[in-house]
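*Asks:* Below is the file entry15.txt, with compact mmCIF, C-alpha atoms.
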```txt
# COMPACT_ATOMS: atom_id res chain seq x y z
CA MET Q 22 124.20 93.73 172.82
CA LYS Q 23 123.58 94.57 169.19
CA HIS Q 24 123.61 98.18 168.08
CA ILE Q 25 122.57 100.38 165.24
CA ILE Q 26 125.74 102.06 164.02
CA VAL Q 27 125.10 105.68 163.07
CA TYR Q 28 127.58 107.54 160.91
CA ARG Q 29 126.62 111.19 160.85
CA CYS Q 30 128.07 114.14 158.94
CA GLN Q 31 128.89 116.91 161.42
CA GLN Q 32 126.88 119.34 159.27
CA CYS Q 33 123.77 117.39 160.29
CA GLY Q 34 123.35 118.31 163.94
CA GLY Q 35 126.86 119.35 165.00
CA ARG Q 36 129.94 117.63 166.39
CA GLN Q 37 128.40 116.50 169.67
CA LYS Q 38 126.73 113.12 169.88
CA LEU Q 39 122.98 113.36 169.34
CA PHE Q 40 121.88 109.86 170.26
CA LYS Q 41 122.13 108.74 173.87
CA GLU Q 42 120.21 105.47 173.48
CA ASN Q 43 122.18 102.37 174.50
CA TRP Q 44 121.27 100.62 171.25
CA VAL Q 45 123.00 103.32 169.19
CA ARG Q 46 126.72 103.70 168.52
CA GLU Q 47 127.26 107.04 166.86
CA PHE Q 48 130.28 108.23 164.88
CA VAL Q 49 130.48 111.86 163.81
CA LEU Q 50 132.31 112.39 160.51
CA THR Q 51 133.64 115.63 159.08
CA CYS Q 52 131.93 114.58 155.84
CA ALA Q 53 129.66 111.61 155.06
CA GLY Q 54 131.90 110.91 152.05
CA GLN Q 55 134.54 109.58 154.47
CA LEU Q 56 132.42 106.49 155.04
CA GLU Q 57 133.83 103.57 153.06
CA PRO Q 58 131.99 100.31 152.28
CA ILE Q 59 134.42 98.45 154.55
CA HIS Q 60 133.16 100.43 157.58
CA ILE Q 61 129.65 99.16 156.86
CA LEU Q 62 130.79 95.56 156.35
CA ARG Q 63 132.88 95.62 159.54
CA ALA Q 64 129.76 96.58 161.50
CA PHE Q 65 128.02 93.41 160.32
CA GLU Q 66 131.20 91.40 160.86
CA ASP Q 67 130.91 92.47 164.51
CA GLY Q 68 127.30 91.25 164.48
CA GLU Q 69 125.68 94.68 164.66
CA PHE Q 70 122.00 95.19 163.92
CA GLY Q 71 122.06 97.82 161.21
CA VAL Q 72 123.96 100.82 159.86
CA CYS Q 73 122.55 104.27 159.29
CA LEU Q 74 124.29 107.08 157.43
CA MET Q 75 123.07 110.64 157.99
CA HIS Q 76 124.26 112.97 155.27
CA CYS Q 77 123.63 116.50 153.97
CA GLU Q 78 121.14 117.38 151.28
CA PRO Q 79 122.62 117.17 147.77
CA GLY Q 80 123.86 120.67 146.99
CA ALA Q 81 124.42 121.52 150.65
CA CYS Q 82 127.54 119.36 151.05
CA ARG Q 83 130.50 121.53 152.08
CA THR Q 84 132.91 119.24 150.31
CA LEU Q 85 130.66 119.47 147.22
CA ALA Q 86 130.56 115.79 146.24
CA GLY Q 87 130.89 114.13 149.65
CA CYS Q 88 127.27 113.12 150.05
CA GLN Q 89 127.06 111.71 146.51
CA ALA Q 90 130.20 109.65 147.26
CA ALA Q 91 128.61 108.47 150.50
CA ILE Q 92 125.44 107.36 148.70
CA ARG Q 93 127.55 105.48 146.11
CA HIS Q 94 129.54 103.78 148.88
CA VAL Q 95 126.35 102.73 150.67
CA LYS Q 96 124.89 101.37 147.43
CA TYR Q 97 128.03 99.29 146.86
CA ALA Q 98 128.08 98.05 150.46
CA ARG Q 99 124.44 96.97 150.11
CA GLN Q 100 125.37 94.88 147.05
CA LEU Q 101 128.22 93.24 148.96
CA LEU Q 102 125.98 92.51 151.94
CA GLU Q 103 123.28 91.02 149.74
CA GLU Q 104 125.91 88.64 148.32
CA VAL Q 105 126.50 87.25 151.81
CA GLY Q 106 122.81 87.01 152.62
CA ILE Q 107 122.35 90.16 154.72
CA HIS Q 108 119.27 92.18 153.80
CA PRO Q 109 120.41 95.39 152.06
CA GLU Q 110 117.76 97.38 153.94
CA ARG Q 111 119.83 96.87 157.08
CA VAL Q 112 121.78 99.86 155.76
CA LYS Q 113 119.86 103.12 155.59
CA THR Q 114 120.72 106.61 154.43
CA ILE Q 115 118.96 109.59 155.94
CA CYS Q 116 119.20 112.94 154.20
CA CYS Q 117 119.23 115.59 156.93
CA GLN Q 118 116.76 118.39 156.28
CA PRO Q 119 116.26 121.52 158.40
CA ALA Q 120 112.78 120.43 159.49
CA GLY Q 121 113.70 116.74 159.83
CA ASP Q 122 113.56 114.76 163.08
CA LEU Q 123 116.61 112.48 163.17
CA HIS Q 124 115.46 110.68 166.34
CA MET Q 125 112.15 109.82 164.75
CA GLU Q 126 113.86 108.64 161.56
CA LEU Q 127 116.21 106.43 163.57
CA ASN Q 128 113.32 104.93 165.54
CA LEU Q 129 111.53 104.19 162.26
CA PHE Q 130 114.69 102.45 161.06
CA LEU Q 131 114.80 100.40 164.26
CA ASP Q 132 111.17 99.38 163.72
CA HIS Q 133 112.02 98.38 160.16
CA LEU Q 134 114.96 96.28 161.34
CA LYS Q 135 112.69 94.53 163.85
CA HIS Q 136 110.26 93.88 161.03
CA LEU Q 137 113.12 92.35 158.98
CA ASP Q 138 113.99 90.18 161.99
CA GLY Q 139 110.44 88.91 161.95
CA HIS Q 140 111.43 87.22 158.71
CA GLY Q 141 114.51 85.49 160.19
CA SER Q 142 118.07 86.47 161.26
CA ALA Q 143 119.21 88.21 164.45
CA PRO Q 144 117.11 89.43 167.42
CA ALA Q 145 116.29 93.10 167.94
CA PRO Q 146 118.35 95.20 170.37
CA ASP Q 147 117.05 96.12 173.79
CA VAL Q 148 114.79 99.11 173.19
CA SER Q 149 113.76 99.64 176.81
CA GLU Q 150 115.49 103.02 176.82
CA ARG Q 151 113.41 104.10 173.85
CA LYS Q 152 110.22 103.03 175.63
CA LYS Q 153 111.18 105.17 178.65
CA ALA Q 154 111.71 108.17 176.39
CA MET D 20 147.11 97.47 132.61
CA ILE D 21 145.76 93.99 133.19
CA VAL D 22 142.03 94.26 133.83
CA ALA D 23 140.25 91.69 135.96
CA GLN D 24 136.95 91.26 137.74
CA ARG D 25 136.06 89.39 140.87
CA LYS D 26 134.58 85.91 140.63
CA PRO D 27 131.08 85.49 142.08
CA LEU D 28 131.29 85.22 145.87
CA SER D 29 129.32 81.96 145.88
CA GLU D 30 131.99 80.37 143.65
CA ILE D 31 134.78 81.60 145.94
CA ILE D 32 133.00 80.35 149.08
CA THR D 33 132.40 76.90 147.55
CA LYS D 34 136.10 76.54 146.81
CA MET D 35 137.31 77.86 150.16
CA GLU D 36 134.95 76.18 152.61
CA ALA D 37 137.19 73.13 153.02
CA TYR D 38 139.87 75.27 154.72
CA LYS D 39 140.03 76.74 158.23
CA LYS D 40 142.91 79.19 157.72
CA ILE D 41 142.79 81.30 154.59
CA ILE D 42 144.74 84.32 153.45
CA VAL D 43 143.32 86.79 150.95
CA ALA D 44 146.28 88.11 148.97
CA GLY D 45 145.86 91.22 146.85
CA CYS D 46 148.10 93.02 144.40
CA GLU D 47 148.66 96.76 144.48
CA THR D 48 149.32 97.21 140.77
CA CYS D 49 147.01 96.62 137.75
CA VAL D 50 144.13 94.92 139.56
CA ALA D 51 144.14 97.65 142.20
CA GLU D 52 143.69 100.24 139.44
CA CYS D 53 140.62 98.42 138.12
CA HIS D 54 139.16 98.06 141.65
CA ALA D 55 139.37 94.28 141.62
CA GLY D 56 142.32 93.21 143.76
CA GLY D 57 143.90 96.10 145.66
CA ARG D 58 144.08 96.69 149.41
CA LYS D 59 140.48 97.91 149.64
CA GLU D 60 139.20 94.89 147.75
CA VAL D 61 141.23 92.56 149.99
CA GLU D 62 139.55 94.12 153.04
CA LEU D 63 136.08 93.90 151.50
CA LEU D 64 136.43 90.30 150.31
CA ALA D 65 137.93 89.17 153.63
CA SER D 66 135.09 90.88 155.47
CA GLN D 67 132.47 89.28 153.21
CA LEU D 68 134.04 85.86 153.76
CA ARG D 69 134.08 86.35 157.55
CA ILE D 70 130.37 87.28 157.51
CA ALA D 71 129.52 84.40 155.16
CA PHE D 72 131.41 81.77 157.16
CA SER D 73 130.10 83.05 160.50
CA GLN D 74 126.54 82.71 159.14
CA LYS D 75 127.34 79.11 158.25
CA MET D 76 128.67 78.63 161.81
CA ALA D 77 131.98 77.58 160.26
CA PRO D 78 134.91 79.04 162.24
CA VAL D 79 137.42 80.18 159.62
CA GLU D 80 140.42 82.40 160.25
CA ILE D 81 140.85 84.86 157.43
CA ALA D 82 144.09 86.80 157.14
CA GLU D 83 144.83 89.60 154.70
CA CYS D 84 147.91 90.73 152.83
CA CYS D 85 148.57 92.99 149.89
CA ILE D 86 151.67 92.63 147.76
CA GLU D 87 153.07 95.51 145.74
CA ARG D 88 153.35 93.36 142.58
CA GLN D 89 152.30 89.73 142.99
CA CYS D 90 153.90 88.81 139.65
CA GLU D 91 157.38 89.62 141.04
CA PRO D 92 158.83 86.78 143.16
CA GLU D 93 160.95 89.08 145.35
CA MET D 94 157.91 91.20 146.23
CA ILE D 95 156.06 88.17 147.61
CA GLU D 96 158.87 87.48 150.10
CA PRO D 97 157.88 90.05 152.79
CA CYS D 98 154.53 88.23 153.17
CA SER D 99 155.87 84.69 152.77
CA GLU D 100 155.99 83.87 156.50
CA GLN D 101 152.39 84.99 156.97
CA ILE D 102 151.27 83.02 153.88
CA MET D 103 153.06 79.82 154.88
CA ALA D 104 151.14 79.78 158.17
CA GLN D 105 147.84 79.34 156.25
CA GLU D 106 146.03 76.31 154.86
CA ALA D 107 145.09 77.99 151.56
CA VAL D 108 145.69 81.17 149.57
CA LEU D 109 142.95 83.13 147.84
CA SER D 110 144.81 85.35 145.41
CA ILE D 111 142.98 88.33 143.98
CA ALA D 112 145.77 89.22 141.58
CA CYS D 113 145.70 88.58 137.84
CA GLY D 114 146.40 85.07 136.52
CA ILE D 115 150.12 85.82 136.53
CA GLY D 116 150.10 86.69 140.22
CA VAL D 117 148.11 83.56 141.08
CA GLN D 118 150.62 81.37 139.22
CA GLN D 119 153.55 83.15 140.86
CA MET D 120 152.04 82.40 144.27
CA ALA D 121 151.51 78.74 143.29
CA GLU D 122 155.15 78.54 142.20
CA ARG D 123 156.46 80.21 145.37
CA PHE D 124 154.34 78.09 147.75
CA PRO D 125 154.32 74.61 146.19
CA ASN D 126 152.72 72.97 149.25
CA LEU D 127 149.83 75.39 149.57
CA PRO D 128 146.63 75.28 147.49
CA VAL D 129 146.25 78.62 145.68
CA PHE D 130 142.85 79.74 144.38
CA PRO D 131 142.06 82.59 141.99
CA GLY D 132 139.55 85.12 143.27
CA LEU D 133 139.44 87.04 140.00
CA ASN D 134 138.78 86.37 136.36
CA THR D 135 141.61 88.00 134.42
CA THR D 136 139.78 89.68 131.59
CA PHE D 137 141.92 91.75 129.20
CA LEU D 138 144.73 94.26 128.68
CA GLY D 139 143.03 97.60 128.71
CA THR D 140 142.66 101.14 129.88
CA HIS D 141 140.47 103.18 132.17
CA ALA D 142 138.36 104.70 129.37
CA LYS D 143 135.64 106.34 131.49
CA PRO D 144 135.29 106.86 135.25
CA THR D 145 133.41 103.58 135.65
CA GLN D 146 134.54 101.72 132.55
CA TRP D 147 137.63 99.81 131.40
CA GLU D 148 138.09 98.86 127.76
CA GLU D 149 140.31 96.41 125.92
CA ARG D 150 143.18 98.03 124.04
CA CYS D 151 145.81 95.34 123.37
CA ALA D 152 145.62 91.69 122.38
CA GLY D 153 149.32 91.02 123.08
CA CYS D 154 149.77 89.64 119.56
CA GLY D 155 153.54 90.09 119.63
CA ASN D 156 153.66 91.94 116.31
CA CYS D 157 152.46 95.51 116.78
CA VAL D 158 150.80 97.29 113.83
CA LEU D 159 149.83 100.50 115.62
CA ASP D 160 152.11 102.55 113.34
CA LEU D 161 149.92 101.53 110.37
CA THR D 162 146.59 102.18 112.11
CA ALA D 163 147.03 105.62 113.65
CA GLY D 164 147.65 104.26 117.14
CA ILE D 165 144.33 102.39 117.34
CA CYS D 166 144.65 98.62 117.53
CA PRO D 167 142.39 96.81 115.06
CA ILE D 168 143.34 93.43 116.55
CA ALA D 169 141.97 94.27 119.99
CA ARG D 170 139.33 96.85 119.13
CA CYS D 171 137.77 95.55 115.92
CA SER D 172 135.34 92.70 116.64
CA LYS D 173 136.70 90.85 113.60
CA SER D 174 140.34 91.90 114.15
CA LEU D 175 140.42 93.13 110.55
CA LEU D 176 143.73 94.47 109.30
CA ASN D 177 142.01 96.31 106.45
CA GLY D 178 138.68 97.85 107.34
CA PRO D 179 136.03 98.89 107.97
CA CYS D 180 133.87 95.94 107.05
CA GLY D 181 130.44 96.29 105.48
CA GLY D 182 128.66 95.84 108.80
CA ALA D 183 129.69 99.11 110.46
CA GLN D 184 127.03 101.82 110.59
CA ASP D 185 127.33 105.37 111.89
CA GLY D 186 130.68 104.57 113.47
CA LYS D 187 129.25 101.62 115.41
CA CYS D 188 130.08 97.94 115.11
CA GLU D 189 127.44 95.54 113.83
CA VAL D 190 128.13 93.28 116.81
CA SER D 191 126.69 95.86 119.22
CA ASP D 192 125.80 99.55 119.29
CA ASP D 193 127.95 99.79 122.42
CA ILE D 194 131.09 98.99 120.43
CA PRO D 195 132.60 101.82 118.39
CA CYS D 196 133.93 100.69 115.01
CA ALA D 197 137.72 100.66 115.44
CA TRP D 198 138.19 101.21 111.72
CA ALA D 199 135.88 104.24 111.69
CA GLU D 200 138.05 105.64 114.49
CA ILE D 201 141.22 104.80 112.54
CA VAL D 202 139.90 106.60 109.44
CA GLU D 203 138.87 109.62 111.51
CA ARG D 204 142.23 109.85 113.26
CA MET D 205 144.21 109.37 110.04
CA THR D 206 142.16 112.17 108.45
CA LYS D 207 142.93 114.45 111.40
CA CYS D 208 146.63 113.59 111.12
CA GLY D 209 146.58 114.29 107.35
CA LYS D 210 147.52 110.67 106.58
CA ARG D 211 144.30 109.46 105.01
CA ASP D 212 146.13 108.44 101.81
CA GLN D 213 148.01 105.85 103.87
CA LEU D 214 144.76 103.88 104.04
CA ARG D 215 145.10 103.07 100.33
CA GLN D 216 147.94 100.71 101.23
CA ILE D 217 146.80 97.19 101.96
CA ILE D 218 148.22 95.88 105.23
CA PRO D 219 149.63 92.42 104.40
CA CYS D 220 148.66 89.25 106.23
CA LYS D 221 150.01 89.24 109.75
CA GLU D 222 152.50 86.77 111.20
CA TRP D 223 150.44 85.13 113.94
CA ASN D 224 153.21 82.86 115.18
CA THR D 225 154.23 85.67 117.56
CA ALA D 226 150.79 85.52 119.16
CA ARG D 227 149.32 82.73 121.32
CA ASP D 228 148.95 80.58 118.21
CA GLY D 229 152.68 79.90 118.37
CA GLY D 230 152.34 78.34 121.85
CA PRO D 231 153.46 79.80 125.21
CA ARG D 232 155.84 82.67 124.59
CA ARG D 233 159.20 83.35 126.20
CA LEU D 234 161.42 86.41 126.14
CA ILE D 235 165.13 86.36 126.89
CA HIS D 236 167.16 89.48 127.70
CA GLU D 237 170.79 88.43 128.01
CA GLU D 238 171.78 91.97 128.98
CA ALA D 239 169.54 91.78 132.07
CA ALA D 240 171.73 89.07 133.63
CA PRO D 241 173.08 90.15 137.05
```
Would it be possible to restate this file's structure as structure tokens?

*Replies:*
Amino acid sequence: MKHIIVYRCQQCGGRQKLFKENWVREFVLTCAGQLEPIHILRAFEDGEFGVCLMHCEPGACRTLAGCQAAIRHVKYARQLLEEVGIHPERVKTICCQPAGDLHMELNLFLDHLKHLDGHGSAPAPDVSERKKA
Amino acid sequence: MIVAQRKPLSEIITKMEAYKKIIVAGCETCVAECHAGGRKEVELLASQLRIAFSQKMAPVEIAECCIERQCEPEMIEPCSEQIMAQEAVLSIACGIGVQQMAERFPNLPVFPGLNTTFLGTHAKPTQWEERCAGCGNCVLDLTAGICPIARCSKSLLNGPCGGAQDGKCEVSDDIPCAWAEIVERMTKCGKRDQLRQIIPCKEWNTARDGGPRRLIHEEAAP
């Protein structure tokens, strides 16, 4: 089954896993800046559906420049993916805000990925669990 | 350092698609510094190739290795067994490393993954600039440590030319006039009078114009 790979900074929602859906594989990072482009590429090498990075607001990063580094790494990974014919919008960044709803954002991303699939490429993951919720 | 940049992926894929077992070989020295051929770039290029070939439904095994200095024959040896088990080598070292690999593995096709660009320095966080043309006859003592051969668009030995304006080269506003920089630095060093001396014509037979160059150090014999 294909998944959406979520890399999440622990400052955005804590160290415990937030997403229980079977179409999500979640990795909690001590800082979003730890995410390297290779981690994103490896996800697609494994045939995953999309990658989502959840990072702090600029200025709220506890390692100061971690979230800017993360955004740069994602931008670079998108370029590399585009070169091999994978739509760059299969990688999304979500800036975590106090009033934000991460579950809703992730579901919107899933819908967007399904929309991209409508224009070719891989099938959508099983979202039955989401429907139950 | 030797500065290089990666060839377009489409060009690399076209050259490699005839092979089923490929190794991507990086170099941990100059090209790693300019983010073109180090360990990270080996991983990224290998990953891109795996994705690209899997999309084409072409099963290709892609191995990875990174050599400390690909231009040194003895440093290739630790990876030689792994390399010899492949059908082709994609070297993302500079042109010297690629040729060293071709020499070491005469039966294996070796492909360059990079375009070797120039001898330069890391001038700004995201920018590398040419600093040396390897002319074999250094004049930096006469030009305040700024090379007019590499950094002046016309390689003038006595400048600036009439085209420079506001410290910028007439070729492009992005290029600082090397001779304006030389004058400024000589003024700061209190050696501006030295500019009155005409630098004589240069011996170019020490540069590429004299054919492939060779250097012999008898004292380095084991």

*Asks:* Just need the residues of chain Q within 7 Å of chain D, counting all atoms listed in the file, so spit them out as a PDB file with C-alpha atoms, in the frame of the given file.

*Replies:*
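Final file, out-v2.pdb:
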```
ATOM      1  CA  ILE Q  59     134.420  98.450 154.550  1.00  0.00           C
ATOM      2  CA  LEU Q  62     130.790  95.560 156.350  1.00  0.00           C
ATOM      3  CA  ARG Q  63     132.880  95.620 159.540  1.00  0.00           C
ATOM      4  CA  GLU Q  66     131.200  91.400 160.860  1.00  0.00           C
ATOM      5  CA  GLU Q 104     125.910  88.640 148.320  1.00  0.00           C
ATOM      6  CA  VAL Q 105     126.500  87.250 151.810  1.00  0.00           C
TER       7      VAL Q 105
END
```

*Asks:* What does the structure give for the distance between atom CA of Q:Thr51 and atom CA of Q:Cys73, in Å to one decimal?

*Replies:*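 Atom CA of Q:Cys73 lies at a distance of 15.9 Å from atom CA of Q:Thr51.
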
*Asks:* In terms of the shortest atom-to-atom distance over all atoms listed in the file, which of Q:Gly34, Q:Val72, Q:Leu56, Q:Gly121 is closest to Q:Leu102?

*Replies:*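 Closest to Q:Leu102 of all the choices is Q:Val72.
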
*Asks:* Write out as a PyMOL selection string each polymer residue whose atoms come within 9 Å of D:Ile165, counting all atoms listed in the file; drop sequence neighbours fewer than 2 positions from it.

*Replies:* chain D and resi 150+158-163+167+169-170+197-198+200-201+204

*Asks:* Any chance you could export the current selection's C-alpha atoms as a short mmCIF file (atom, residue, chain, number, x, y, z; two decimals), in the coordinates of the input?

*Replies:*
```cif
data_model
loop_
_atom_site.label_atom_id
_atom_site.label_comp_id
_atom_site.auth_asym_id
_atom_site.auth_seq_id
_atom_site.Cartn_x
_atom_site.Cartn_y
_atom_site.Cartn_z
CA ARG D 150 143.18 98.03 124.04
CA VAL D 158 150.80 97.29 113.83
CA LEU D 159 149.83 100.50 115.62
CA ASP D 160 152.11 102.55 113.34
CA LEU D 161 149.92 101.53 110.37
CA THR D 162 146.59 102.18 112.11
CA ALA D 163 147.03 105.62 113.65
CA PRO D 167 142.39 96.81 115.06
CA ALA D 169 141.97 94.27 119.99
CA ARG D 170 139.33 96.85 119.13
CA ALA D 197 137.72 100.66 115.44
CA TRP D 198 138.19 101.21 111.72
CA GLU D 200 138.05 105.64 114.49
CA ILE D 201 141.22 104.80 112.54
CA ARG D 204 142.23 109.85 113.26
#
```

*Asks:* Within 9 Å of (128.3, 115.4, 153.2) (file coordinates; only C-alpha atoms), which protein or nucleic acid residues are there? I'd like them as a CSV table (one decimal) with C-alpha atoms, in the coordinates of the input.

*Replies:*
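Output below, filename selection-v4.csv:
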```csv
chain,number,residue,atom,x,y,z
Q,29,ARG,CA,126.6,111.2,160.8
Q,30,CYS,CA,128.1,114.1,158.9
Q,31,GLN,CA,128.9,116.9,161.4
Q,32,GLN,CA,126.9,119.3,159.3
Q,33,CYS,CA,123.8,117.4,160.3
Q,50,LEU,CA,132.3,112.4,160.5
Q,51,THR,CA,133.6,115.6,159.1
Q,52,CYS,CA,131.9,114.6,155.8
Q,53,ALA,CA,129.7,111.6,155.1
Q,54,GLY,CA,131.9,110.9,152.0
Q,55,GLN,CA,134.5,109.6,154.5
Q,75,MET,CA,123.1,110.6,158.0
Q,76,HIS,CA,124.3,113.0,155.3
Q,77,CYS,CA,123.6,116.5,154.0
Q,78,GLU,CA,121.1,117.4,151.3
Q,79,PRO,CA,122.6,117.2,147.8
Q,81,ALA,CA,124.4,121.5,150.6
Q,82,CYS,CA,127.5,119.4,151.0
Q,83,ARG,CA,130.5,121.5,152.1
Q,84,THR,CA,132.9,119.2,150.3
Q,85,LEU,CA,130.7,119.5,147.2
Q,86,ALA,CA,130.6,115.8,146.2
Q,87,GLY,CA,130.9,114.1,149.6
Q,88,CYS,CA,127.3,113.1,150.0
Q,89,GLN,CA,127.1,111.7,146.5
Q,90,ALA,CA,130.2,109.6,147.3
Q,91,ALA,CA,128.6,108.5,150.5
```

*Asks:* So that I can check the surroundings of D:Ile41, please list as a PyMOL selection string every protein, DNA and RNA residue that reaches within 10 Å of it, counting only C-alpha atoms and ignoring chain neighbours fewer than 3 positions away.

*Replies:* chain D and resi 35-36+38+44+65+68+79-83+102+104-109+129

*Asks:* Name all residues at most 10 Å from Q:Leu123 (count only C-alpha atoms; drop same-chain ones fewer than 3 positions away) and give them as a list in words.

*Replies:* Cys33, Gly34, Leu39, Phe40, Met75, Ile115, Cys116, Cys117, Gln118, Ala120, Glu126, Leu127, Asn128 and Leu129 of chain Q

*Asks:* So that I have them on file, write out the residues from the current selection with C-alpha atoms, as an mmCIF file, in the frame of the given file.

*Replies:*
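Below you can see out.cif, which holds the result:
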```cif
data_model
loop_
_atom_site.group_PDB
_atom_site.id
_atom_site.type_symbol
_atom_site.label_atom_id
_atom_site.label_comp_id
_atom_site.auth_asym_id
_atom_site.auth_seq_id
_atom_site.Cartn_x
_atom_site.Cartn_y
_atom_site.Cartn_z
ATOM 1 C CA CYS Q 33 123.770 117.390 160.290
ATOM 2 C CA GLY Q 34 123.350 118.310 163.940
ATOM 3 C CA LEU Q 39 122.980 113.360 169.340
ATOM 4 C CA PHE Q 40 121.880 109.860 170.260
ATOM 5 C CA MET Q 75 123.070 110.640 157.990
ATOM 6 C CA ILE Q 115 118.960 109.590 155.940
ATOM 7 C CA CYS Q 116 119.200 112.940 154.200
ATOM 8 C CA CYS Q 117 119.230 115.590 156.930
ATOM 9 C CA GLN Q 118 116.760 118.390 156.280
ATOM 10 C CA ALA Q 120 112.780 120.430 159.490
ATOM 11 C CA GLU Q 126 113.860 108.640 161.560
ATOM 12 C CA LEU Q 127 116.210 106.430 163.570
ATOM 13 C CA ASN Q 128 113.320 104.930 165.540
ATOM 14 C CA LEU Q 129 111.530 104.190 162.260
#
```

*Asks:* Rounded to one decimal place, report the atom CA of Q:His133-atom CA of Q:Arg36 distance in Å.

*Replies:* 27.0 Å

*Asks:* Using all atoms listed in the file, determine which residues lie at most 12 Å from D:Gln146, disregarding the query and same-chain residues fewer than 3 positions distant; provide the list as a PDB file with C-alpha atoms, keeping the file's coordinate frame.

*Replies:*
```
ATOM      1  CA  VAL D  22     142.030  94.260 133.830  1.00  0.00           C
ATOM      2  CA  GLN D  24     136.950  91.260 137.740  1.00  0.00           C
ATOM      3  CA  GLU D  52     143.690 100.240 139.440  1.00  0.00           C
ATOM      4  CA  CYS D  53     140.620  98.420 138.120  1.00  0.00           C
ATOM      5  CA  HIS D  54     139.160  98.060 141.650  1.00  0.00           C
ATOM      6  CA  GLY D 139     143.030  97.600 128.710  1.00  0.00           C
ATOM      7  CA  THR D 140     142.660 101.140 129.880  1.00  0.00           C
ATOM      8  CA  HIS D 141     140.470 103.180 132.170  1.00  0.00           C
ATOM      9  CA  ALA D 142     138.360 104.700 129.370  1.00  0.00           C
ATOM     10  CA  LYS D 143     135.640 106.340 131.490  1.00  0.00           C
ATOM     11  CA  GLU D 149     140.310  96.410 125.920  1.00  0.00           C
TER      12      GLU D 149
END
```

*Asks:* With a distance cut-off of 12 Å and only C-alpha atoms, select the neighbouring residues of D:Cys157, excluding the residue or stretch itself and same-chain residues fewer than 6 positions from it, and output the selection as a list in words.

*Replies:*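 Close residues of D:Cys157: Cys151, Ala163, Gly164, Ile165, Cys166, Pro167, Ile168, Ala169, Leu176, Lys221, Glu222, Trp223, Thr225 and Ala226 of chain D.
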
*Asks:* Taking all atoms of stretch 131-134 of chain Q that the file lists and extending 6 Å past them on each side, where is the centre of the axis-aligned box and how long are its edges? Answer in Å to one decimal, as lines of an AutoDock Vina configuration file.

*Replies:*
```
center_x = 113.1
center_y = 98.3
center_z = 162.2
size_x = 15.8
size_y = 16.1
size_z = 16.1
```

*Asks:* Find, counting all atoms listed in the file, the residue in D:Gly132, D:Pro195, D:Pro78, D:Gly181 that gets nearest to D:Gly56.

*Replies:*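 The closest residue to D:Gly56 is D:Gly132.
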
*Asks:* Rounded to one decimal in Å, what is the spacing between atom CA of D:Gln119 and atom CA of Q:Leu101?

*Replies:* 28.4 Å

*Asks:* Tell me, counting all atoms listed in the file, for each residue of stretch 119-230 of chain D within 12 Å of stretch 86-91 of chain D, which pair of atoms is nearest and how far apart they are in Å to one decimal, in rows ordered by chain and increasing number, as a Markdown table.

*Replies:*
```
| residue | atom | partner | partner_atom | distance |
| --- | --- | --- | --- | --- |
| D:Gln119 | CA | D:Cys90 | CA | 5.8 |
| D:Met120 | CA | D:Gln89 | CA | 7.4 |
| D:Ala121 | CA | D:Cys90 | CA | 11.0 |
| D:Glu122 | CA | D:Cys90 | CA | 10.7 |
| D:Arg123 | CA | D:Glu91 | CA | 10.4 |
```
